[in-house]
Amino acid sequence: AQRVTQPEKLLSVFKGAPVELKCNYSYSGSPELFWYVQYSRQRLQLLLRHISRESIKGFTADLNKGETSFHLKKPFAQEEDSAMYYCALRTGTYKYIFGTGTRLKVLA
Amino acid sequence: GAVVSQHPSWVICKSGTSVKIECRSLDFQATTMFWYRQFPKQSLMLMATSNEGSKATYEQGVEKDKFLINHASLTLSTLTVTSAHPEDSSFYICSARTPTNTEAFFGQGTRLTVV
């Protein structure tokens with residue numbers, strides 16, 4: 001079955017603390033994984049894709065095929081990081097399967 | 001990045017009426033568009049995939065006669081919710097991609113309220 005699991009609905013951290021948003025997936029093929037972010041009252045926008053192995057706004061995510069995970073990490077959270085984060089799996093037919101999302105709240 | 005625009009951003013309609021939502025790719029040609037539905041505090045659920053000039057492919061459990069999708073041009077796809085009922089009230093989001101682009105671009109969403 002194709003599935004993306006984000007176990008945490010809400011994650012609250014203090015400013016400057018490290019952040020890790022968890023994502024696990026289930027997919028029989030070769031996965032392409034993404035993190036999307038939705039700031040308040042804005043549309044979904046791409047944050048990271050695993051094939052790029054890039055760091056955007058200080059966030060990184062590494063695909064771990066052994067653990068079927070694609071956790072999103074940032075060493076020092078900022079208040080402007082507060083948003084809804086969705087992990088997504090793209091299938092071979094370009095369908096996106098989204099996790100249920102994690103709301104990140106960065107407290108001052 | 002590329003821009004995908006949905007219209008309207010919100011709509012209120014009476015039970016039994018039909019509502020059309022447009023999804024446009026403003027600065028690129030979208031051979032494939034996707035329609036999602038998002039309930040409050042839940043994830044996006046893919047409803048259907050539409051390819052320009054062909055019939056949409058619906059996900060399991062989505063009524064194709066209820067949610068009519070038309071992708072008549074490379075820049076426009078429409079979703080028509082027919083005979084709407086209050087349980088159809090939701091946030092509908094479209095996304096679009098090109099064959100050469102590995103990224104999907106999302107519209108701002110349309111909030112439908114059926115009263």
# chains A, B, ... in the order shown; residues from 1 in each chain; ligands from 1

call {"tool": "closest_atom_pairs", "arguments": {"of": "chain B", "to": "chain A", "cutoff": "7 Å", "atoms": "only C-alpha atoms", "output": "JSON lines"}}
result
{"residue": "B:Gln42", "atom": "CA", "partner": "A:Thr100", "partner_atom": "CA", "distance": 5.6}
{"residue": "B:Ser43", "atom": "CA", "partner": "A:Thr100", "partner_atom": "CA", "distance": 4.3}
{"residue": "B:Leu44", "atom": "CA", "partner": "A:Phe98", "partner_atom": "CA", "distance": 6.1}
{"residue": "B:Phe106", "atom": "CA", "partner": "A:Leu44", "partner_atom": "CA", "distance": 6.1}
{"residue": "B:Gly107", "atom": "CA", "partner": "A:Arg43", "partner_atom": "CA", "distance": 6.6}
{"residue": "B:Gln108", "atom": "CA", "partner": "A:Arg43", "partner_atom": "CA", "distance": 4.6}

call {"tool": "select_by_dssp", "arguments": {"residues": "region 43-82 of chain A", "states": "strand (DSSP E or B)", "output": "MDAnalysis selection string"}}
result
chainID A and resid 45:49 56 59:61 64 69 72:74

call {"tool": "write_last_selection", "arguments": {"atoms": "C-alpha atoms", "output": "PDB file, in the first residue's frame"}}
result
ATOM      1  CA  GLN A  45       4.664  25.390  -1.535  1.00  0.00           C
ATOM      2  CA  LEU A  46       7.549  23.047  -2.048  1.00  0.00           C
ATOM      3  CA  LEU A  47      10.171  23.121   0.656  1.00  0.00           C
ATOM      4  CA  LEU A  48      12.441  20.204  -0.171  1.00  0.00           C
ATOM      5  CA  ARG A  49      12.730  17.259  -2.468  1.00  0.00           C
ATOM      6  CA  ILE A  56      16.215  25.336   2.215  1.00  0.00           C
ATOM      7  CA  PHE A  59      15.879  22.658   6.715  1.00  0.00           C
ATOM      8  CA  THR A  60      17.301  19.359   5.533  1.00  0.00           C
ATOM      9  CA  ALA A  61      15.803  15.948   5.010  1.00  0.00           C
ATOM     10  CA  ASN A  64      16.497   6.567   4.706  1.00  0.00           C
ATOM     11  CA  SER A  69      11.770   7.591   6.576  1.00  0.00           C
ATOM     12  CA  LEU A  72      12.682  17.006   8.225  1.00  0.00           C
ATOM     13  CA  LYS A  73      15.251  18.655  10.448  1.00  0.00           C
ATOM     14  CA  LYS A  74      16.434  22.098  11.375  1.00  0.00           C
TER      15      LYS A  74
END

call {"tool": "atom_distance", "arguments": {"atom1": "CA of Gly109 (chain B)", "atom2": "CA of Cys94 (chain B)"}}
result
6.9 Å

call {"tool": "residues_around", "arguments": {"residues": "region 47-52 of chain B", "least_positions_apart": "2", "cutoff": "12 Å", "atoms": "only C-alpha atoms", "output": "PyMOL selection string"}}
result
(chain A and resi 93-97) or (chain B and resi 23+29-38+44-45+54-64+66-79+92-99)
